[in-house]
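*Asks:* Below you'll find upload14.txt; it's compact mmCIF, C-alpha atoms.
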```
# COMPACT_ATOMS: atom_id res chain seq x y z
CA MET A 2 23.78 -29.98 51.31
CA THR A 3 20.36 -31.22 50.45
CA ALA A 4 17.43 -31.52 52.76
CA SER A 5 16.01 -34.88 53.49
CA PRO A 6 12.49 -35.74 52.31
CA ALA A 7 11.34 -35.80 55.90
CA SER A 8 12.38 -32.23 56.56
CA SER A 9 11.43 -30.51 53.28
CA PRO A 10 8.13 -31.03 51.46
CA ARG A 11 8.32 -31.88 47.82
CA VAL A 12 6.78 -29.34 45.45
CA ARG A 13 5.56 -30.47 42.07
CA ASP A 14 5.16 -28.31 39.00
CA GLY A 15 1.76 -26.58 39.05
CA ASP A 16 1.14 -27.18 42.78
CA PRO A 17 0.59 -24.11 44.97
CA PRO A 18 3.47 -23.34 47.27
CA PRO A 19 3.02 -24.29 50.92
CA THR A 20 1.69 -21.46 53.02
CA GLY A 21 2.38 -22.81 56.47
CA ARG A 22 -1.39 -22.99 57.23
CA THR A 23 -3.12 -26.13 58.42
CA ARG A 24 -6.14 -27.48 56.54
CA HIS A 25 -8.92 -28.76 58.80
CA THR A 26 -11.26 -31.43 57.54
CA THR A 27 -14.07 -33.42 58.99
CA GLY A 28 -14.23 -37.16 59.18
CA PRO A 29 -11.50 -39.67 60.01
CA VAL A 30 -8.02 -38.31 60.27
CA PRO A 31 -4.73 -40.11 60.12
CA GLY A 32 -3.63 -41.53 63.40
CA GLY A 33 -7.18 -42.44 64.50
CA GLY A 34 -10.00 -40.38 65.99
CA HIS A 35 -12.52 -38.05 64.31
CA HIS A 36 -12.32 -34.33 63.65
CA ASP A 37 -15.16 -32.25 65.23
CA GLY A 38 -15.39 -29.58 62.50
CA ARG A 39 -13.90 -26.71 64.54
CA ASP A 40 -11.05 -24.48 63.52
CA GLY A 41 -8.05 -23.55 65.63
CA ARG A 42 -10.05 -20.97 67.60
CA GLY A 43 -12.81 -23.40 68.57
CA ARG A 44 -15.40 -22.01 66.13
CA ARG A 45 -17.58 -24.26 63.95
CA SER A 46 -16.62 -24.24 60.30
CA ASP A 47 -19.40 -26.42 58.87
CA GLY A 48 -21.76 -23.41 58.20
CA LEU A 49 -24.83 -24.86 59.97
CA PRO A 50 -27.36 -22.24 61.17
CA PRO A 51 -28.16 -22.02 64.86
CA PRO A 52 -31.17 -24.02 66.03
CA ARG A 53 -34.52 -22.21 66.02
CA ALA A 54 -38.12 -22.90 66.87
CA ALA A 55 -40.16 -24.80 64.28
CA LEU A 56 -43.14 -22.40 64.64
CA THR A 57 -42.90 -18.65 65.17
CA ALA A 58 -44.61 -16.74 67.95
CA GLY A 59 -47.13 -15.31 65.46
CA THR A 60 -48.07 -18.81 64.30
CA TRP A 61 -48.63 -19.96 67.89
CA LYS A 62 -50.89 -16.97 68.50
CA GLU A 63 -52.91 -17.85 65.41
CA ILE A 64 -53.20 -21.46 66.58
CA ALA A 65 -54.34 -20.25 70.02
CA HIS A 66 -56.98 -18.07 68.34
CA LEU A 67 -58.29 -21.04 66.37
CA LEU A 68 -58.44 -23.25 69.46
CA LEU A 69 -60.32 -20.53 71.37
CA ASN A 70 -62.87 -20.09 68.58
CA LEU A 71 -65.14 -22.91 69.77
CA PRO A 72 -65.62 -21.85 73.43
CA VAL A 73 -65.85 -18.15 72.57
CA ASP A 74 -68.27 -18.65 69.68
CA LEU A 75 -70.35 -21.12 71.69
CA ALA A 76 -70.73 -18.64 74.56
CA GLY A 77 -71.65 -15.84 72.13
CA PHE A 78 -74.15 -18.03 70.27
CA VAL A 79 -75.88 -19.08 73.50
CA PHE A 80 -76.09 -15.46 74.68
CA VAL A 81 -77.50 -14.20 71.37
CA SER A 82 -79.97 -17.10 71.05
CA VAL A 83 -81.35 -16.73 74.58
CA TRP A 84 -81.54 -12.95 74.22
CA ILE A 85 -83.39 -13.00 70.88
CA TYR A 86 -85.75 -15.76 72.03
CA SER A 87 -86.65 -14.01 75.29
CA GLY A 88 -86.87 -10.59 73.64
CA ALA A 89 -89.14 -11.92 70.88
CA LEU A 90 -91.48 -13.53 73.42
CA LEU A 91 -91.61 -10.38 75.56
CA SER A 92 -91.86 -7.96 72.64
CA VAL A 93 -95.66 -8.05 72.87
CA THR A 94 -95.32 -6.38 76.27
CA VAL A 95 -93.57 -3.22 77.40
CA VAL A 96 -90.79 -5.27 79.02
CA GLY A 97 -89.62 -6.71 75.69
CA LEU A 98 -88.13 -3.48 74.32
CA PRO A 99 -85.83 -2.85 77.32
CA VAL A 100 -84.77 -6.51 77.16
CA LEU A 101 -83.80 -6.08 73.52
CA ALA A 102 -81.93 -2.87 74.33
CA LEU A 103 -80.01 -4.50 77.20
CA GLY A 104 -79.18 -7.43 74.93
CA LEU A 105 -77.74 -5.08 72.32
CA ILE A 106 -75.61 -3.45 75.00
CA GLY A 107 -74.41 -6.92 76.01
CA CYS A 108 -73.59 -7.67 72.36
CA ARG A 109 -71.50 -4.50 72.29
CA GLY A 110 -69.56 -5.81 75.30
CA LEU A 111 -68.97 -9.15 73.59
CA GLY A 112 -67.81 -7.33 70.49
CA ARG A 113 -65.34 -5.34 72.57
CA LEU A 114 -63.88 -8.56 73.98
CA GLU A 115 -63.69 -10.11 70.51
CA ARG A 116 -61.88 -7.06 69.14
CA ALA A 117 -59.42 -7.30 72.02
CA ARG A 118 -58.84 -11.01 71.24
CA ALA A 119 -58.24 -10.23 67.58
CA ARG A 120 -55.91 -7.39 68.52
CA ARG A 121 -53.89 -9.60 70.86
CA LEU A 122 -53.74 -12.81 68.80
CA LEU A 123 -54.26 -11.71 65.18
CA ASP A 124 -52.67 -8.24 65.24
CA VAL A 125 -55.88 -6.70 63.89
CA ARG A 126 -56.38 -3.10 65.01
CA ILE A 127 -60.01 -1.95 64.85
CA ASP A 128 -61.31 1.33 66.26
CA GLU A 129 -63.85 1.11 69.03
CA PRO A 130 -67.33 2.32 68.07
CA THR A 131 -68.84 5.37 69.70
CA PRO A 132 -70.57 4.39 72.97
CA ILE A 133 -74.29 5.00 73.47
CA ARG A 134 -74.69 7.52 76.29
CA ARG A 135 -78.09 7.94 77.87
CA ARG A 136 -77.48 11.58 78.79
CA ALA A 137 -76.74 12.41 75.15
CA TYR A 138 -80.33 11.62 74.15
CA GLY A 139 -82.16 13.54 76.84
CA GLY A 140 -84.25 10.84 78.47
CA PHE A 141 -85.03 7.14 78.69
CA LEU A 142 -87.28 6.80 75.66
CA PRO A 143 -84.90 8.56 73.20
CA TRP A 144 -82.03 6.47 74.57
CA LEU A 145 -84.11 3.29 74.21
CA TRP A 146 -84.95 4.09 70.60
CA ALA A 147 -81.33 4.95 69.76
CA THR A 148 -80.18 1.67 71.34
CA LEU A 149 -82.70 -0.40 69.42
CA LYS A 150 -81.47 1.21 66.17
CA ASP A 151 -77.81 0.64 67.05
CA PRO A 152 -76.16 -0.98 63.99
CA VAL A 153 -73.05 -1.96 65.97
CA GLY A 154 -75.02 -4.12 68.40
CA TRP A 155 -77.03 -5.83 65.66
CA ARG A 156 -73.95 -6.61 63.57
CA THR A 157 -72.22 -8.02 66.64
CA ALA A 158 -75.25 -10.27 67.26
CA LEU A 159 -75.08 -11.42 63.64
CA TYR A 160 -71.35 -12.10 64.06
CA PHE A 161 -71.83 -14.48 66.98
CA PHE A 162 -74.95 -16.05 65.45
CA VAL A 163 -73.11 -17.19 62.29
CA ARG A 164 -69.80 -17.95 63.95
CA LEU A 165 -70.66 -21.20 65.76
CA PRO A 166 -70.26 -23.59 62.77
CA TRP A 167 -67.07 -21.83 61.73
CA GLY A 168 -65.67 -21.89 65.26
CA ALA A 169 -66.35 -25.63 65.62
CA ALA A 170 -64.77 -26.36 62.22
CA THR A 171 -61.62 -24.32 62.84
CA PHE A 172 -61.21 -25.80 66.33
CA ALA A 173 -61.43 -29.36 64.95
CA VAL A 174 -59.05 -28.68 62.05
CA ALA A 175 -56.47 -26.89 64.19
CA LEU A 176 -56.56 -29.57 66.90
CA ALA A 177 -56.19 -32.39 64.40
CA ALA A 178 -53.42 -30.66 62.44
CA LEU A 179 -51.54 -30.00 65.65
CA PHE A 180 -50.99 -33.76 66.02
CA VAL A 181 -51.13 -35.32 62.55
CA ALA A 182 -50.37 -32.51 60.07
CA TRP A 183 -48.01 -30.19 61.92
CA PRO A 184 -45.67 -29.64 58.89
CA VAL A 185 -48.47 -27.73 57.11
CA LEU A 186 -49.87 -26.20 60.27
CA PRO A 187 -48.38 -22.69 59.75
CA TRP A 188 -49.99 -22.35 56.30
CA LEU A 189 -53.23 -23.87 57.52
CA ALA A 190 -53.40 -21.53 60.53
CA ARG A 191 -52.67 -18.50 58.37
CA GLY A 192 -55.41 -19.39 55.88
CA LEU A 193 -58.05 -19.99 58.54
CA THR A 194 -57.17 -16.85 60.50
CA LEU A 195 -57.38 -14.74 57.34
CA ALA A 196 -61.08 -15.63 57.25
CA ASP A 197 -61.31 -14.69 60.95
CA ARG A 198 -59.68 -11.35 60.24
CA ALA A 199 -62.14 -10.67 57.43
CA MET A 200 -65.13 -11.45 59.69
CA VAL A 201 -63.83 -9.21 62.48
CA ARG A 202 -63.19 -6.30 60.10
CA GLY A 203 -66.49 -6.73 58.31
CA LEU A 204 -68.84 -7.14 61.28
CA LEU A 205 -67.10 -5.68 64.35
CA SER A 206 -65.68 -2.45 62.94
CA PRO A 207 -67.43 0.92 63.45
CA SER A 208 -70.62 1.03 61.45
CA ASP A 209 -69.74 3.43 58.66
CA GLU A 210 -68.15 6.74 57.78
CA LEU A 211 -70.70 8.54 59.96
CA GLU A 212 -69.52 6.56 63.01
CA ARG A 213 -65.92 7.49 62.35
CA ARG A 214 -66.94 11.08 61.75
CA ILE A 215 -68.63 11.22 65.16
CA ALA A 216 -65.44 9.98 66.82
CA GLU A 217 -63.40 12.62 64.97
CA LEU A 218 -65.80 15.39 66.01
CA GLU A 219 -65.63 14.31 69.64
CA SER A 220 -61.85 14.43 69.51
CA ASP A 221 -61.96 17.83 67.78
CA ARG A 222 -64.34 19.17 70.43
CA ARG A 223 -61.90 18.19 73.17
CA THR A 224 -59.08 19.88 71.27
CA VAL A 225 -61.07 23.10 70.82
CA THR A 226 -62.06 23.11 74.50
CA ASP A 227 -58.49 22.58 75.66
CA THR A 228 -57.21 25.29 73.32
CA ALA A 229 -59.81 27.78 74.52
CA SER A 230 -58.97 27.03 78.16
CA ALA A 231 -55.25 27.47 77.48
CA ASP A 232 -55.89 30.81 75.73
CA LEU A 233 -57.98 32.05 78.66
CA ARG A 234 -55.26 31.08 81.13
CA ARG A 235 -52.65 32.83 78.97
CA ILE A 236 -54.73 36.03 78.81
CA GLU A 237 -55.32 35.94 82.56
CA ARG A 238 -51.60 35.43 83.22
CA ASP A 239 -50.59 38.24 80.87
CA LEU A 240 -53.07 40.63 82.44
CA HIS A 241 -52.02 39.73 85.97
CA ASP A 242 -48.27 39.82 85.39
CA GLY A 243 -48.22 42.72 82.90
CA ALA A 244 -50.78 45.46 82.60
CA GLN A 245 -52.47 44.85 85.97
CA ALA A 246 -49.19 45.00 87.91
CA ARG A 247 -48.14 48.11 86.00
CA LEU A 248 -51.49 49.84 86.69
CA VAL A 249 -51.23 49.02 90.40
CA ALA A 250 -47.75 50.58 90.51
CA LEU A 251 -49.13 53.59 88.61
CA ALA A 252 -51.91 54.10 91.15
CA MET A 253 -49.42 53.94 94.03
CA GLY A 254 -47.11 56.42 92.27
CA LEU A 255 -49.92 58.88 91.66
CA GLY A 256 -51.00 58.57 95.30
CA LEU A 257 -47.50 59.44 96.51
CA ALA A 258 -47.31 62.34 94.07
CA LYS A 259 -50.60 63.67 95.39
CA GLU A 260 -49.26 63.64 98.96
CA LYS A 261 -46.03 65.42 97.96
CA LEU A 262 -47.71 68.01 95.77
CA PRO A 263 -48.28 70.68 98.51
CA ALA A 264 -44.84 70.29 100.17
CA ASP A 265 -42.57 69.41 97.23
CA PRO A 266 -44.10 70.30 93.85
CA GLU A 267 -40.93 69.52 91.87
CA THR A 268 -40.71 65.93 93.20
CA ALA A 269 -44.43 65.48 92.63
CA ALA A 270 -44.01 66.68 89.04
CA LYS A 271 -41.24 64.13 88.46
CA MET A 272 -43.42 61.38 89.88
CA VAL A 273 -46.32 62.42 87.63
CA ASP A 274 -43.95 62.34 84.65
CA GLU A 275 -42.86 58.78 85.58
CA ALA A 276 -46.50 57.81 85.95
CA HIS A 277 -47.16 59.16 82.45
CA GLY A 278 -44.46 56.83 81.10
CA GLU A 279 -45.97 53.92 82.97
CA VAL A 280 -49.35 54.69 81.37
CA LYS A 281 -47.77 54.51 77.91
CA LEU A 282 -46.15 51.16 78.71
CA ALA A 283 -49.42 49.79 80.10
CA LEU A 284 -51.27 50.87 76.95
CA ALA A 285 -48.63 49.19 74.77
CA GLU A 286 -48.97 45.96 76.75
CA LEU A 287 -52.76 46.05 76.48
CA ARG A 288 -52.46 46.71 72.74
CA ASP A 289 -50.14 43.70 72.34
CA LEU A 290 -52.49 41.57 74.40
CA ALA A 291 -55.46 42.61 72.24
CA ARG A 292 -53.43 41.81 69.12
CA GLY A 293 -52.77 38.33 70.56
CA ILE A 294 -56.51 37.80 71.07
CA HIS A 295 -57.66 39.15 67.70
CA PRO A 296 -55.85 41.99 65.90
CA ALA A 297 -58.00 44.92 64.81
CA ILE A 298 -56.31 45.10 61.40
CA LEU A 299 -57.45 41.54 60.67
CA THR A 300 -61.07 42.48 61.32
CA ASP A 301 -60.89 45.76 59.38
CA ARG A 302 -58.73 44.87 56.36
CA GLY A 303 -58.39 41.09 56.12
CA LEU A 304 -55.59 38.53 55.96
CA GLY A 305 -53.28 40.25 53.45
CA PRO A 306 -52.66 43.51 55.37
CA ALA A 307 -52.71 41.68 58.73
CA LEU A 308 -49.99 39.26 57.62
CA SER A 309 -47.96 42.10 56.09
CA ASN A 310 -48.06 43.85 59.45
CA LEU A 311 -47.06 40.56 61.09
CA ALA A 312 -44.12 40.10 58.71
CA ALA A 313 -42.89 43.63 59.43
CA ARG A 314 -42.43 42.69 63.09
CA CYS A 315 -40.68 39.35 62.31
CA THR A 316 -36.92 39.23 62.88
CA VAL A 317 -36.43 37.25 59.63
CA PRO A 318 -37.10 39.13 56.36
CA THR A 319 -40.39 37.74 55.08
CA THR A 320 -42.22 38.09 51.76
CA ILE A 321 -46.02 37.85 51.82
CA THR A 322 -47.98 36.86 48.68
CA THR A 323 -51.77 36.59 48.78
CA ASP A 324 -54.22 35.57 46.07
CA LEU A 325 -57.59 35.67 47.78
CA PRO A 326 -60.51 36.95 45.68
CA THR A 327 -62.77 37.20 48.73
CA ARG A 328 -62.40 36.88 52.47
CA PRO A 329 -62.92 33.49 54.16
CA ALA A 330 -65.05 32.98 57.26
CA PRO A 331 -63.94 35.14 60.22
CA ALA A 332 -63.05 32.09 62.33
CA ILE A 333 -60.90 30.70 59.48
CA GLU A 334 -59.21 34.09 59.11
CA GLY A 335 -58.29 34.06 62.78
CA ILE A 336 -56.91 30.52 62.66
CA ALA A 337 -54.92 31.30 59.51
CA TYR A 338 -53.48 34.46 61.07
CA PHE A 339 -52.35 32.76 64.26
CA THR A 340 -51.01 29.79 62.28
CA VAL A 341 -48.74 32.07 60.28
CA SER A 342 -47.84 34.01 63.44
CA GLU A 343 -46.73 30.89 65.30
CA LEU A 344 -44.80 29.53 62.32
CA LEU A 345 -42.96 32.83 61.84
CA GLN A 346 -42.08 32.82 65.54
CA ASN A 347 -40.63 29.32 65.13
CA ILE A 348 -38.60 30.52 62.15
CA SER A 349 -37.26 33.44 64.16
CA LYS A 350 -36.31 31.29 67.16
CA HIS A 351 -35.11 27.99 65.74
CA SER A 352 -34.45 27.98 61.99
CA HIS A 353 -31.40 30.34 61.66
CA ALA A 354 -32.95 31.39 58.35
CA THR A 355 -32.14 34.58 56.43
CA HIS A 356 -35.36 34.75 54.45
CA ALA A 357 -38.90 33.35 54.54
CA THR A 358 -41.89 33.44 52.21
CA VAL A 359 -45.61 33.15 52.96
CA ASP A 360 -48.04 32.34 50.13
CA LEU A 361 -51.83 32.24 50.48
CA TRP A 362 -54.30 31.18 47.82
CA ARG A 363 -57.72 29.57 47.41
CA THR A 364 -58.32 26.21 45.72
CA ASP A 365 -61.97 25.20 45.38
CA ASP A 366 -63.35 25.49 48.93
CA ARG A 367 -59.99 25.33 50.70
CA LEU A 368 -57.59 28.01 51.92
CA LEU A 369 -53.95 27.02 51.46
CA ILE A 370 -50.99 28.57 53.25
CA GLN A 371 -47.40 27.69 52.38
CA ILE A 372 -44.47 28.97 54.43
CA THR A 373 -40.90 28.35 53.30
CA ASP A 374 -37.59 29.31 54.92
CA ASN A 375 -33.95 28.68 54.03
CA GLY A 376 -32.92 27.56 57.53
CA HIS A 377 -31.15 24.41 58.64
CA GLY A 378 -34.32 22.25 58.66
CA GLY A 379 -34.90 19.28 60.93
CA ALA A 380 -38.32 20.43 62.19
CA THR A 381 -40.67 17.74 63.46
CA THR A 382 -44.20 17.45 64.80
CA GLU A 383 -43.25 14.79 67.36
CA GLY A 384 -42.16 15.08 70.99
CA GLY A 385 -44.75 17.62 72.13
CA THR A 386 -43.42 20.50 69.99
CA GLY A 387 -45.40 23.59 69.02
CA LEU A 388 -46.00 22.09 65.59
CA SER A 389 -47.86 19.16 67.13
CA GLY A 390 -50.22 21.54 68.96
CA LEU A 391 -50.69 23.49 65.75
CA THR A 392 -51.55 20.26 63.92
CA GLU A 393 -54.23 19.45 66.50
CA ARG A 394 -55.67 22.96 66.26
CA LEU A 395 -55.96 22.75 62.46
CA ASP A 396 -57.40 19.25 62.68
CA SER A 397 -60.18 20.54 64.95
CA VAL A 398 -61.61 22.52 62.00
CA ASP A 399 -60.96 19.82 59.36
CA GLY A 400 -57.64 21.39 58.49
CA LEU A 401 -54.34 19.77 57.62
CA LEU A 402 -50.66 20.52 58.26
CA LEU A 403 -47.95 19.06 56.01
CA LEU A 404 -44.29 19.36 56.99
CA ASP A 405 -41.26 18.92 54.70
CA SER A 406 -38.10 19.73 56.63
CA PRO A 407 -35.04 17.64 55.70
CA THR A 408 -31.85 18.09 57.69
CA GLY A 409 -29.96 20.98 56.17
CA GLY A 410 -33.12 22.64 54.88
CA PRO A 411 -35.05 24.19 53.37
CA THR A 412 -38.28 23.83 55.35
CA THR A 413 -41.69 23.99 53.69
CA ILE A 414 -44.89 23.88 55.75
CA THR A 415 -48.27 23.76 54.05
CA ALA A 416 -51.47 24.41 55.99
CA GLU A 417 -54.87 23.65 54.51
CA LEU A 418 -58.10 25.06 55.96
CA PRO A 419 -61.75 24.99 54.90
CA TRP A 420 -62.89 28.22 53.29
CA ARG A 421 -66.16 28.23 55.27
```
Rewrite the coordinates I just gave you, this time as structure tokens.

*Replies:*
Amino acid sequence: MTASPASSPRVRDGDPPPTGRTRHTTGPVPGGGHHDGRDGRGRRSDGLPPPRAALTAGTWKEIAHLLLNLPVDLAGFVFVSVWIYSGALLSVTVVGLPVLALGLIGCRGLGRLERARARRLLDVRIDEPTPIRRRAYGGFLPWLWATLKDPVGWRTALYFFVRLPWGAATFAVALAALFVAWPVLPWLARGLTLADRAMVRGLLSPSDELERRIAELESDRRTVTDTASADLRRIERDLHDGAQARLVALAMGLGLAKEKLPADPETAAKMVDEAHGEVKLALAELRDLARGIHPAILTDRGLGPALSNLAARCTVPTTITTDLPTRPAPAIEGIAYFTVSELLQNISKHSHATHATVDLWRTDDRLLIQITDNGHGGATTEGGTGLSGLTERLDSVDGLLLLDSPTGGPTTITAELPWR
């Protein structure tokens, strides 16, 4: 039997064999109607991307910044013009100088608002300048003179004084392009806001390296103060919970032994012997506490012997190598000692290492410390760990802590300190 043409498709030479699959096409199909471009599962097969907004959120923020330029710059120009005009007229009298100082403080406030606008709409992050505090200058006249010399206030006044023509031009261009040239609006907005970013960075940033240095020193002072307070609380807690409690128990034991001495000398002798042991334990605790404050061997013999003594008490075998021709400043010696002490404690507790090395050497006017262990790695300075506190402590004396700890190890930590 042969199949009829209606029941069996005809295969020509060179044609691919039928696979039993259905080919879907768009456009008119036999039998009338129109195919919608979807496959058998209802999904689109034409490859068109999903619809999206013509302008991104960043572009809209830049357009908003350009449209706000005119009212903001107009308000700043009016304030600066009135302030300079009134201050110049009153400068021949005593009242003129305080007016100029108050105007500079007002310019600082306007600059703070402008930096916030740039941060919100242009994604420009600029550090705030150091504020002028009256109590820091010890009186009204020193504060007045420091305010009149304030470079931040004067540069902010210059910023708003020259911004009015630019603000009017960018407002007009952005508003017109929003209606008649919107295809090129993203590139136009980016170009205009790049000039805005340059003005904000150039005139509204902290005055110079000295300004940034003052901010760093203020932060370092807070770190040093917090560290000193924490150390005092730790010493007080150790004294109260350790040696003080043991000495109180010792005094009570000796008092009982004194009462029993006439009636029961043997029991009193045993109690005195126990008190003698308590005295030894109290002395050991006081010695450990003194070593935690500042070890005597560090003062007498320097970093090399002090770190060797520290390594001898570490649970992980540690090799100490020092190449220090002279001794650094005593404060730097103390910070270096406690830095190594804390890092060796971390190695003992968390690294699962079998060996560690500590190298110290001097390069120019810097003391460098490098500690390496063969543990499992994965150390980090984030999340409030001990390494983050150690980083802040080193930063308070212009030091630096570098961490290289890949997962699986090894871990290498380099600390850099000033020599003096």

*Asks:* Can you tell me, as an mmCIF file with C-alpha atoms, keeping the file's coordinate frame, what residues are no more than 10 Å from A:Pro318 when counting all atoms listed in the file, ignoring any on the same chain fewer than 4 positions away?

*Replies:*
```cif
data_model
loop_
_atom_site.group_PDB
_atom_site.id
_atom_site.type_symbol
_atom_site.label_atom_id
_atom_site.label_comp_id
_atom_site.auth_asym_id
_atom_site.auth_seq_id
_atom_site.Cartn_x
_atom_site.Cartn_y
_atom_site.Cartn_z
ATOM 1 C CA ALA A 312 -44.120 40.100 58.710
ATOM 2 C CA ALA A 313 -42.890 43.630 59.430
ATOM 3 C CA ARG A 314 -42.430 42.690 63.090
ATOM 4 C CA SER A 349 -37.260 33.440 64.160
ATOM 5 C CA ALA A 354 -32.950 31.390 58.350
ATOM 6 C CA THR A 355 -32.140 34.580 56.430
ATOM 7 C CA HIS A 356 -35.360 34.750 54.450
ATOM 8 C CA ALA A 357 -38.900 33.350 54.540
ATOM 9 C CA THR A 358 -41.890 33.440 52.210
ATOM 10 C CA ASP A 374 -37.590 29.310 54.920
#
```

*Asks:* From the set A:Ser352, A:Thr94, A:Thr316, A:Asn70, which residue has the shortest atom-to-atom contact distance to A:Gly168, counting only C-alpha atoms?

*Replies:*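 Using only C-alpha atoms, the shortest distance to A:Gly168 belongs to A:Asn70.
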
*Asks:* At a cut-off of 10 Å, using only C-alpha atoms, what residues contact A:Ala175? Leave out same-chain residues fewer than 2 positions from it and give the result as a PyMOL selection string.

*Replies:* chain A and resi 63-68+170-173+177-180+182-183+186+189-190+193

*Asks:* Could you please take those selected residues and save C-alpha atoms as a PDB file, keeping the file's coordinate frame?

*Replies:*
```pdb
ATOM      1  CA  GLU A  63     -52.910 -17.850  65.410  1.00  0.00           C
ATOM      2  CA  ILE A  64     -53.200 -21.460  66.580  1.00  0.00           C
ATOM      3  CA  ALA A  65     -54.340 -20.250  70.020  1.00  0.00           C
ATOM      4  CA  HIS A  66     -56.980 -18.070  68.340  1.00  0.00           C
ATOM      5  CA  LEU A  67     -58.290 -21.040  66.370  1.00  0.00           C
ATOM      6  CA  LEU A  68     -58.440 -23.250  69.460  1.00  0.00           C
ATOM      7  CA  ALA A 170     -64.770 -26.360  62.220  1.00  0.00           C
ATOM      8  CA  THR A 171     -61.620 -24.320  62.840  1.00  0.00           C
ATOM      9  CA  PHE A 172     -61.210 -25.800  66.330  1.00  0.00           C
ATOM     10  CA  ALA A 173     -61.430 -29.360  64.950  1.00  0.00           C
ATOM     11  CA  ALA A 177     -56.190 -32.390  64.400  1.00  0.00           C
ATOM     12  CA  ALA A 178     -53.420 -30.660  62.440  1.00  0.00           C
ATOM     13  CA  LEU A 179     -51.540 -30.000  65.650  1.00  0.00           C
ATOM     14  CA  PHE A 180     -50.990 -33.760  66.020  1.00  0.00           C
ATOM     15  CA  ALA A 182     -50.370 -32.510  60.070  1.00  0.00           C
ATOM     16  CA  TRP A 183     -48.010 -30.190  61.920  1.00  0.00           C
ATOM     17  CA  LEU A 186     -49.870 -26.200  60.270  1.00  0.00           C
ATOM     18  CA  LEU A 189     -53.230 -23.870  57.520  1.00  0.00           C
ATOM     19  CA  ALA A 190     -53.400 -21.530  60.530  1.00  0.00           C
ATOM     20  CA  LEU A 193     -58.050 -19.990  58.540  1.00  0.00           C
TER      21      LEU A 193
END
```

*Asks:* When distances are computed from only C-alpha atoms, which of A:Ala158, A:Ile372, A:Ala264, A:Met253 shows the smallest separation from A:Gly110?

*Replies:*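 For A:Gly110, the nearest of the candidates is A:Ala158.
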
*Asks:* Could you tell me which of A:Gln371, A:Thr322, A:Thr131, A:Thr268 comes closest to A:Leu344 if we count all atoms listed in the file?

*Replies:*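 Answer, going by the shortest atom-to-atom distance: A:Gln371.
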
*Asks:* Restricting the calculation to all atoms listed in the file: of A:Leu149, A:Leu195, A:Ile348, A:Ile336, which residue gets closest to A:Gly97?

*Replies:*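 Between A:Leu149, A:Leu195, A:Ile348, A:Ile336, the residue approaching A:Gly97 most closely is A:Leu149.
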
*Asks:* How far is it from atom CA of A:Leu369 to atom CA of A:Leu299, in Å with one decimal?

*Replies:*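 So the two atoms, atom CA of A:Leu369 and atom CA of A:Leu299, lie 17.5 Å apart.
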
*Asks:* Between atom CA of A:Gly378 and atom CA of A:Leu401, what is the distance in Å, rounded to a tenth?

*Replies:* 20.2 Å

*Asks:* Residues near A:Trp420, anyone? I mean within 6 Å using all atoms listed in the file, not counting same-chain ones fewer than 4 positions away, as a PyMOL selection string.

*Replies:* chain A and resi 329+366-368

*Asks:* Output C-alpha atoms of each residue in that selection to a file, as a tab-separated table (two decimals), in the frame of the given file.

*Replies:*
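That gives us part_31.tsv:
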```tsv
chain	number	residue	atom	x	y	z
A	329	PRO	CA	-62.92	33.49	54.16
A	366	ASP	CA	-63.35	25.49	48.93
A	367	ARG	CA	-59.99	25.33	50.70
A	368	LEU	CA	-57.59	28.01	51.92
```

*Asks:* How far is it from atom CA of A:Leu287 to atom CA of A:Lys350, in Å with one decimal?

*Replies:*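 Straight-line distance from atom CA of A:Leu287 to atom CA of A:Lys350 works out to 24.0 Å.
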
*Asks:* Looking at A:Leu98, A:Val201, A:Ala330, A:Leu103, which one is nearest to A:Arg120, with distances taken over all atoms listed in the file?

*Replies:* A:Val201

*Asks:* Env of stretch 398-400 of chain A: 7 Å cut, atoms = only C-alpha atoms, seq-sep filter 6 positions within chain, self excluded. Answer as a list in words.

*Replies:* Glu417, Leu418 and Pro419 of chain A

*Asks:* May I have the protein, DNA and RNA residues with an atom at most 12 Å from (-44.2, 52.7, 90.9), counting only C-alpha atoms in the file's coordinates, returned as a list in words?

*Replies:* Ala246, Arg247, Leu248, Val249, Ala250, Leu251, Ala252, Met253, Gly254, Leu255, Gly256, Leu257, Ala258, Met272, Val273, Asp274, Glu275, Ala276, His277, Gly278, Glu279 and Val280 of chain A

*Asks:* Set the distance at 12 Å and use only C-alpha atoms: which residues neighbour A:Arg202 once local chain neighbours fewer than 5 positions away are removed? I'd like the list as a list in words.

*Replies:*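 My list of contacting residues is Gly112, Glu115, Arg116, Ala119, Arg120, Leu123, Asp124, Val125, Arg126, Ile127, Asp128, Glu129, Arg156, Thr157, Tyr160, Leu195, Ala196, Asp197, Pro207, Ser208 and Asp209 of chain A.
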
*Asks:* A:Ile370, A:Ala297, A:Gln346, A:Cys315: which is nearest A:Leu388, counting all atoms listed in the file?

*Replies:*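 The closest residue to A:Leu388 is A:Gln346.
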